[in-house]
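Coordinates as given in work.cif (mmCIF, C-alpha atoms):
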data_structure
loop_
_atom_site.group_PDB
_atom_site.id
_atom_site.type_symbol
_atom_site.label_atom_id
_atom_site.label_comp_id
_atom_site.auth_asym_id
_atom_site.auth_seq_id
_atom_site.Cartn_x
_atom_site.Cartn_y
_atom_site.Cartn_z
ATOM 1 C CA MET A 1 132.970 57.250 102.473
ATOM 2 C CA PRO A 2 133.284 53.870 104.164
ATOM 3 C CA TRP A 3 134.572 51.872 101.203
ATOM 4 C CA ARG A 4 137.461 54.081 100.067
ATOM 5 C CA ARG A 5 140.590 52.236 99.020
ATOM 6 C CA LYS A 6 144.057 53.449 98.308
ATOM 7 C CA PRO A 7 144.728 53.676 94.557
ATOM 8 C CA ALA A 8 146.229 50.538 93.061
ATOM 9 C CA ARG A 9 149.934 51.015 92.461
ATOM 10 C CA HIS A 10 149.853 49.614 88.914
ATOM 11 C CA LEU A 11 147.152 52.062 87.730
ATOM 12 C CA ARG A 12 148.091 55.564 86.629
ATOM 13 C CA TYR A 13 145.631 58.000 88.120
ATOM 14 C CA TRP A 14 145.216 61.557 86.949
ATOM 15 C CA SER A 15 146.348 64.204 89.347
ATOM 16 C CA GLY A 16 144.842 67.540 90.197
ATOM 17 C CA PRO A 17 141.216 68.637 90.456
ATOM 18 C CA VAL A 18 138.454 67.969 87.932
ATOM 19 C CA ASP A 19 138.643 70.543 85.104
ATOM 20 C CA ARG A 20 135.047 71.238 84.099
ATOM 21 C CA ASN A 21 136.096 73.924 81.573
ATOM 22 C CA ALA A 22 138.084 71.664 79.227
ATOM 23 C CA GLY A 23 135.113 71.022 76.900
ATOM 24 C CA PHE A 24 134.295 67.520 78.110
ATOM 25 C CA LYS A 25 131.005 66.551 79.743
ATOM 26 C CA THR A 26 131.744 62.920 80.599
ATOM 27 C CA VAL A 27 134.609 60.576 81.407
ATOM 28 C CA LEU A 28 134.883 56.938 80.423
ATOM 29 C CA VAL A 29 135.378 54.556 83.332
ATOM 30 C CA PHE A 30 136.821 51.058 82.871
ATOM 31 C CA CYS A 31 136.869 48.440 85.624
ATOM 32 C CA VAL A 32 140.193 46.626 85.603
ATOM 33 C CA GLY A 33 138.684 43.780 87.631
ATOM 34 C CA CYS A 34 135.847 42.672 85.325
ATOM 35 C CA GLN A 35 136.507 44.715 82.148
ATOM 36 C CA ARG A 36 133.125 46.490 82.255
ATOM 37 C CA ASN A 37 132.875 50.154 81.331
ATOM 38 C CA GLY A 38 130.583 53.120 81.533
ATOM 39 C CA ARG A 39 130.398 56.897 81.481
ATOM 40 C CA LEU A 40 130.208 59.398 84.316
ATOM 41 C CA LYS A 41 129.109 62.995 83.992
ATOM 42 C CA LEU A 42 131.748 65.461 85.139
ATOM 43 C CA ALA A 43 128.978 67.569 86.680
ATOM 44 C CA ASP A 44 128.123 64.660 89.015
ATOM 45 C CA LEU A 45 131.680 64.292 90.352
ATOM 46 C CA PRO A 46 132.786 66.079 93.520
ATOM 47 C CA ASP A 47 135.442 68.795 93.516
ATOM 48 C CA TRP A 48 138.162 66.417 94.651
ATOM 49 C CA ASP A 49 141.519 65.381 93.262
ATOM 50 C CA TRP A 50 141.324 62.678 90.574
ATOM 51 C CA SER A 51 143.204 60.161 92.716
ATOM 52 C CA ASP A 52 140.577 60.545 95.469
ATOM 53 C CA ILE A 53 137.717 60.203 92.980
ATOM 54 C CA SER A 54 139.235 57.064 91.457
ATOM 55 C CA ALA A 55 139.816 55.572 94.907
ATOM 56 C CA HIS A 56 136.101 55.985 95.719
ATOM 57 C CA LEU A 57 134.619 54.627 92.491
ATOM 58 C CA LYS A 58 132.979 51.229 92.893
ATOM 59 C CA CYS A 59 132.157 48.909 89.986
ATOM 60 C CA THR A 60 128.442 48.170 89.967
ATOM 61 C CA ALA A 61 129.049 44.800 88.267
ATOM 62 C CA CYS A 62 131.804 43.151 90.351
ATOM 63 C CA GLY A 63 131.854 45.443 93.415
ATOM 64 C CA LYS A 64 135.595 46.189 93.325
ATOM 65 C CA VAL A 65 136.599 49.587 94.675
ATOM 66 C CA GLY A 66 139.500 51.625 93.325
ATOM 67 C CA TRP A 67 140.131 49.355 90.346
ATOM 68 C CA VAL A 68 139.058 51.830 87.694
ATOM 69 C CA ASP A 69 140.789 53.486 84.779
ATOM 70 C CA THR A 70 139.262 56.874 83.981
ATOM 71 C CA ARG A 71 139.736 58.499 80.579
ATOM 72 C CA LEU A 72 138.376 61.573 78.878
ATOM 73 C CA ASP A 73 135.536 60.871 76.445
ATOM 74 C CA TRP A 74 137.197 62.110 73.263
ATOM 75 C CA ALA A 75 134.132 61.097 71.212
ATOM 76 C CA GLU A 76 132.449 64.228 72.588
ATOM 77 C CA VAL A 77 134.945 66.598 71.001
ATOM 78 C CA ILE A 78 136.155 64.638 67.931
ATOM 79 C CA ASN A 79 133.958 63.244 65.173
ATOM 80 C CA PHE A 80 135.648 59.880 64.584
ATOM 81 C CA ALA A 81 133.179 59.007 61.795
ATOM 82 C CA LYS A 82 134.474 61.942 59.755
ATOM 83 C CA GLY A 83 138.027 60.631 59.596
ATOM 84 C CA VAL A 84 141.181 62.561 58.892
ATOM 85 C CA SER A 85 141.544 64.395 55.615
ATOM 86 C CA GLY A 86 144.500 66.371 54.538
#

Could you express the structure from this file as structure tokens?
Amino acid sequence: MPWRRKPARHLRYWSGPVDRNAGFKTVLVFCVGCQRNGRLKLADLPDWDWSDISAHLKCTACGKVGWVDTRLDWAEVINFAKGVSG
């Protein structure tokens, strides 16, 4: 883990361990440095705290470390094309 950085103060990182039983298979990852994004499989992530995972993620486009915003991939559990009916 040679390129670990402390989390950026202005980013809000999740806390606690990765919850693999919440129904999600992937997380969306956004690089704050170059605005690129991608998906990571939860199964591929280590059993660490989210702040440690975020501090180790490195953007493959710009090379910045720790400048990521991770979010749950809600498109896996919600059909946005269906819309809301009531």

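Atom to atom, CA of Lys64 (chain A) and CA of Arg20 (chain A) stand 26.7 Å apart.
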
Practice problem: Might you spell out which residues the PyMOL selection byres ((chain A and resi 61) around 12) would select in the displayed file, as an NGL selection string? | Solution: :A and (30-38 or 58-60 or 62-65)

Could you list, as a PDB file with C-alpha atoms, in the coordinates of the input, every residue matched by the PyMOL selection byres ((chain A and resi 39-49) around 9) in this structure?
ATOM      1  CA  TRP A  14     145.216  61.557  86.949  1.00  0.00           C
ATOM      2  CA  SER A  15     146.348  64.204  89.347  1.00  0.00           C
ATOM      3  CA  GLY A  16     144.842  67.540  90.197  1.00  0.00           C
ATOM      4  CA  PRO A  17     141.216  68.637  90.456  1.00  0.00           C
ATOM      5  CA  VAL A  18     138.454  67.969  87.932  1.00  0.00           C
ATOM      6  CA  ASP A  19     138.643  70.543  85.104  1.00  0.00           C
ATOM      7  CA  ARG A  20     135.047  71.238  84.099  1.00  0.00           C
ATOM      8  CA  PHE A  24     134.295  67.520  78.110  1.00  0.00           C
ATOM      9  CA  LYS A  25     131.005  66.551  79.743  1.00  0.00           C
ATOM     10  CA  THR A  26     131.744  62.920  80.599  1.00  0.00           C
ATOM     11  CA  VAL A  27     134.609  60.576  81.407  1.00  0.00           C
ATOM     12  CA  LEU A  28     134.883  56.938  80.423  1.00  0.00           C
ATOM     13  CA  VAL A  29     135.378  54.556  83.332  1.00  0.00           C
ATOM     14  CA  PHE A  30     136.821  51.058  82.871  1.00  0.00           C
ATOM     15  CA  ASN A  37     132.875  50.154  81.331  1.00  0.00           C
ATOM     16  CA  GLY A  38     130.583  53.120  81.533  1.00  0.00           C
ATOM     17  CA  TRP A  50     141.324  62.678  90.574  1.00  0.00           C
ATOM     18  CA  SER A  51     143.204  60.161  92.716  1.00  0.00           C
ATOM     19  CA  ASP A  52     140.577  60.545  95.469  1.00  0.00           C
ATOM     20  CA  ILE A  53     137.717  60.203  92.980  1.00  0.00           C
ATOM     21  CA  SER A  54     139.235  57.064  91.457  1.00  0.00           C
ATOM     22  CA  ASP A  73     135.536  60.871  76.445  1.00  0.00           C
TER      23      ASP A  73
END

Practice problem: Could you jot down the CA of Val77 (chain A) to CA of Ala22 (chain A) separation for me, Å, one decimal place? | Solution: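 Between these atoms lies a distance of 10.2 Å.
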
Where atoms are absent from region 15-34 of chain A, fill them in so it carries N, CA and C atoms, then output it as a PDB file, keeping the file's coordinate frame.
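Contents of the output file part-v2.pdb:
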ATOM      1  N   SER A  15     146.125  63.406  88.150  1.00  0.00           N
ATOM      2  CA  SER A  15     146.348  64.204  89.347  1.00  0.00           C
ATOM      3  C   SER A  15     145.704  65.572  89.160  1.00  0.00           C
ATOM      4  N   GLY A  16     145.467  66.227  90.255  1.00  0.00           N
ATOM      5  CA  GLY A  16     144.842  67.540  90.197  1.00  0.00           C
ATOM      6  C   GLY A  16     143.331  67.449  90.263  1.00  0.00           C
ATOM      7  N   PRO A  17     142.679  68.606  90.353  1.00  0.00           N
ATOM      8  CA  PRO A  17     141.216  68.637  90.456  1.00  0.00           C
ATOM      9  C   PRO A  17     140.545  68.402  89.107  1.00  0.00           C
ATOM     10  N   VAL A  18     139.248  68.149  89.144  1.00  0.00           N
ATOM     11  CA  VAL A  18     138.454  67.969  87.932  1.00  0.00           C
ATOM     12  C   VAL A  18     138.363  69.309  87.204  1.00  0.00           C
ATOM     13  N   ASP A  19     138.717  69.323  85.915  1.00  0.00           N
ATOM     14  CA  ASP A  19     138.643  70.543  85.104  1.00  0.00           C
ATOM     15  C   ASP A  19     137.343  70.507  84.306  1.00  0.00           C
ATOM     16  N   ARG A  20     136.352  71.234  84.762  1.00  0.00           N
ATOM     17  CA  ARG A  20     135.047  71.238  84.099  1.00  0.00           C
ATOM     18  C   ARG A  20     135.004  72.192  82.908  1.00  0.00           C
ATOM     19  N   ASN A  21     136.070  72.952  82.662  1.00  0.00           N
ATOM     20  CA  ASN A  21     136.096  73.924  81.573  1.00  0.00           C
ATOM     21  C   ASN A  21     136.911  73.446  80.373  1.00  0.00           C
ATOM     22  N   ALA A  22     137.253  72.182  80.311  1.00  0.00           N
ATOM     23  CA  ALA A  22     138.084  71.664  79.227  1.00  0.00           C
ATOM     24  C   ALA A  22     137.274  71.256  77.998  1.00  0.00           C
ATOM     25  N   GLY A  23     135.946  71.377  78.048  1.00  0.00           N
ATOM     26  CA  GLY A  23     135.113  71.022  76.900  1.00  0.00           C
ATOM     27  C   GLY A  23     134.506  69.635  76.953  1.00  0.00           C
ATOM     28  N   PHE A  24     134.835  68.866  77.970  1.00  0.00           N
ATOM     29  CA  PHE A  24     134.295  67.520  78.110  1.00  0.00           C
ATOM     30  C   PHE A  24     133.130  67.528  79.089  1.00  0.00           C
ATOM     31  N   LYS A  25     132.149  66.668  78.840  1.00  0.00           N
ATOM     32  CA  LYS A  25     131.005  66.551  79.743  1.00  0.00           C
ATOM     33  C   LYS A  25     131.025  65.240  80.517  1.00  0.00           C
ATOM     34  N   THR A  26     131.701  64.233  79.959  1.00  0.00           N
ATOM     35  CA  THR A  26     131.744  62.920  80.599  1.00  0.00           C
ATOM     36  C   THR A  26     133.161  62.357  80.577  1.00  0.00           C
ATOM     37  N   VAL A  27     133.380  61.365  81.427  1.00  0.00           N
ATOM     38  CA  VAL A  27     134.609  60.576  81.407  1.00  0.00           C
ATOM     39  C   VAL A  27     134.213  59.117  81.228  1.00  0.00           C
ATOM     40  N   LEU A  28     135.073  58.375  80.559  1.00  0.00           N
ATOM     41  CA  LEU A  28     134.883  56.938  80.423  1.00  0.00           C
ATOM     42  C   LEU A  28     135.541  56.262  81.615  1.00  0.00           C
ATOM     43  N   VAL A  29     134.874  55.264  82.163  1.00  0.00           N
ATOM     44  CA  VAL A  29     135.378  54.556  83.332  1.00  0.00           C
ATOM     45  C   VAL A  29     135.430  53.074  83.002  1.00  0.00           C
ATOM     46  N   PHE A  30     136.621  52.475  83.146  1.00  0.00           N
ATOM     47  CA  PHE A  30     136.821  51.058  82.871  1.00  0.00           C
ATOM     48  C   PHE A  30     137.210  50.355  84.154  1.00  0.00           C
ATOM     49  N   CYS A  31     136.529  49.247  84.461  1.00  0.00           N
ATOM     50  CA  CYS A  31     136.869  48.440  85.624  1.00  0.00           C
ATOM     51  C   CYS A  31     137.967  47.458  85.216  1.00  0.00           C
ATOM     52  N   VAL A  32     139.084  47.516  85.899  1.00  0.00           N
ATOM     53  CA  VAL A  32     140.193  46.626  85.603  1.00  0.00           C
ATOM     54  C   VAL A  32     139.875  45.209  86.079  1.00  0.00           C
ATOM     55  N   GLY A  33     139.022  45.082  87.078  1.00  0.00           N
ATOM     56  CA  GLY A  33     138.684  43.780  87.631  1.00  0.00           C
ATOM     57  C   GLY A  33     137.834  42.914  86.709  1.00  0.00           C
ATOM     58  N   CYS A  34     136.774  43.486  86.133  1.00  0.00           N
ATOM     59  CA  CYS A  34     135.847  42.672  85.325  1.00  0.00           C
ATOM     60  C   CYS A  34     135.716  43.160  83.885  1.00  0.00           C
TER      61      CYS A  34
END
